[in-house]
Amino acid sequence: MLPVKTRIAIIGGFLGAGKTTLATKIATQLQKMDKSVAIITNDQGEALVDTQYSKSLGFDVSEVLRGCFCCRFPDFLRSARTLVSSARPDIILAEPVGSCTDLLATVVAPLKAIYPNEFEVAPLMILVDSTRLLSDIIDSATPGDYLRRHQIEEGEVIVLSKTDMVPKERVRELEDIIRKINPKATIVSYSSMSGTGLGKLIDNVSSNKVSTSHPVEIDYDIYAAAEAELGWYNGSFKLTLPDKTDAYDMAMRVLRSISDEYKEDDIAHVKLMLTSETNALKMSLVCQSVNVDGVKGSRYGKGPSSLTVNARVVSSPEKLKDVVRKAVTYSLEHLGLRADSFEDDSFSPSRPQPTHKMR
């Protein structure tokens, strides 16, 4: 009897494109189809909003911290095996860091070549934020656009996300841009609000389709420069909230205070998770747009609570830490509160050094 393989579906793409929201929506629908699902989250630092959010929805979750999947491949493999042992999922959804690319060479190919009896890898999915994709990405020489272009080039399924936020004619224009960059990819227009395209993405994850593309060449000097452009901040604040504290108002003040300190295009992604005895709220900031990603319970919290902030901004790490700390302090002072304690860190990612690189 052949060994049972666990299927791994990697959901990569732009920072702030909606990867976590998509992963949890797919996982929810797969559970309704009697499929068991687990999730692996990933970050360059620690204290992840994505992990807390996925766990709050009841999913089995494992983390790969302090580096991307490619540079922490042994940790990625350990996380996958731990989930297989403890939760026995049919499918593992793996979400790499949004600034990560070259996944075909550093994650997909090693899984296929070294661990073919343990894992089956679905076609690589890459999310592209339709509100941020510009026509000049085809010819742009900036490190950030080079990284995003490479993400598109290696995607086997390109998910054009947030299509409800752009005109229909603009969606067709963006699809043409993607086809010029990657003519072989399957393009799926997707909206988390309406559910458009979700069925096709669930099929990619749950079917017997496997990754077949070859890795795409990449200049690691430009890739490293793109990652170094961003300051990364991760912070956890412990709070005690009075009865009927407006969690939405608190979170909105934090995010707006951060956005006021930077130019629109400098804000790649800021994620915030506020959890109390009575509710949980996840919100995000991309450019100057604030979104409510998920709410559990009412908008009002109380009692011992935690506030987690993950920020990825074109900024020095020192400035970013100062900006976020002041934003949280301002939001709490407006409500007559202060943090009981907090831990945070800020940095710029180091040069990618993948464990494997297969061509």
# chains A, B, ... in the order shown; residues from 1 in each chain; ligands from 1
>>> residues_around(residues="Phe14 (chain A)", least_positions_apart="5", cutoff="8 Å", atoms="only C-alpha atoms", output="PyMOL selection string")
chain A and resi 98-99+126-129+148+151
>>> closest_residue(among="A:Val61, A:Gly144, A:Pro167, A:Ser207", to="Leu30 (chain A)", atoms="only C-alpha atoms")
A:Ser207
>>> residues_around(residues="Thr21 (chain A)", least_positions_apart="6", cutoff="10 Å", atoms="only C-alpha atoms", output="PyMOL selection string")
chain A and resi 27+50+53-54+192+293-294
>>> select_by_dssp(residues="region 136-263 of chain A", states="helix (DSSP H, G or I)", output="JSON, numbers by chain")
{"A": [136, 137, 138, 143, 144, 145, 146, 147, 148, 149, 150, 151, 152, 153, 154, 163, 164, 165, 168, 169, 170, 171, 172, 173, 174, 175, 176, 177, 178, 179, 180, 181, 198, 199, 200, 201, 202, 203, 204, 205, 206, 220, 221, 222, 223, 224, 225, 226, 227, 228, 247, 248, 249, 250, 251, 252, 253, 254, 255, 256, 257, 258, 259]}
>>> residues_around(residues="His150 (chain A)", least_positions_apart="4", cutoff="7 Å", atoms="only C-alpha atoms", output="PyMOL selection string")
chain A and resi 101+146+154
>>> closest_residue(among="A:Gly303, A:Gly235, A:Gly155, A:Pro354", to="Phe342 (chain A)", atoms="only C-alpha atoms")
A:Gly235
>>> closest_residue(among="A:Val121, A:Leu239, A:Cys70, A:Val84", to="Arg7 (chain A)", atoms="only C-alpha atoms")
A:Val121
>>> residues_around(residues="region 314-319 of chain A", least_positions_apart="4", cutoff="6 Å", atoms="only C-alpha atoms", output="MDAnalysis selection string")
chainID A and resid 229:231 266 346:347
>>> residues_around(residues="region 307-312 of chain A", least_positions_apart="6", cutoff="7 Å", atoms="only C-alpha atoms", output="list in words")
Leu48, Val49, Leu230, Gly231, Trp232, Tyr233, Asn234, Gly235, Ser236, Phe237, Lys238, Ile267, Ala268, His269, Val270, Lys271, Leu272, Met273, Leu274 and Thr275 of chain A
>>> closest_residue(among="A:Leu124, A:Val313, A:Leu111, A:Ile218", to="Phe73 (chain A)", atoms="only C-alpha atoms")
A:Leu111
>>> residues_around(residues="Ile11 (chain A)", least_positions_apart="2", cutoff="9 Å", atoms="only C-alpha atoms", output="PyMOL selection string")
chain A and resi 9+13+19-20+22-23+93-96+124-127
>>> closest_residue(among="A:Ala226, A:Val107, A:Val216, A:Ile152", to="Cys71 (chain A)", atoms="only C-alpha atoms")
A:Val107
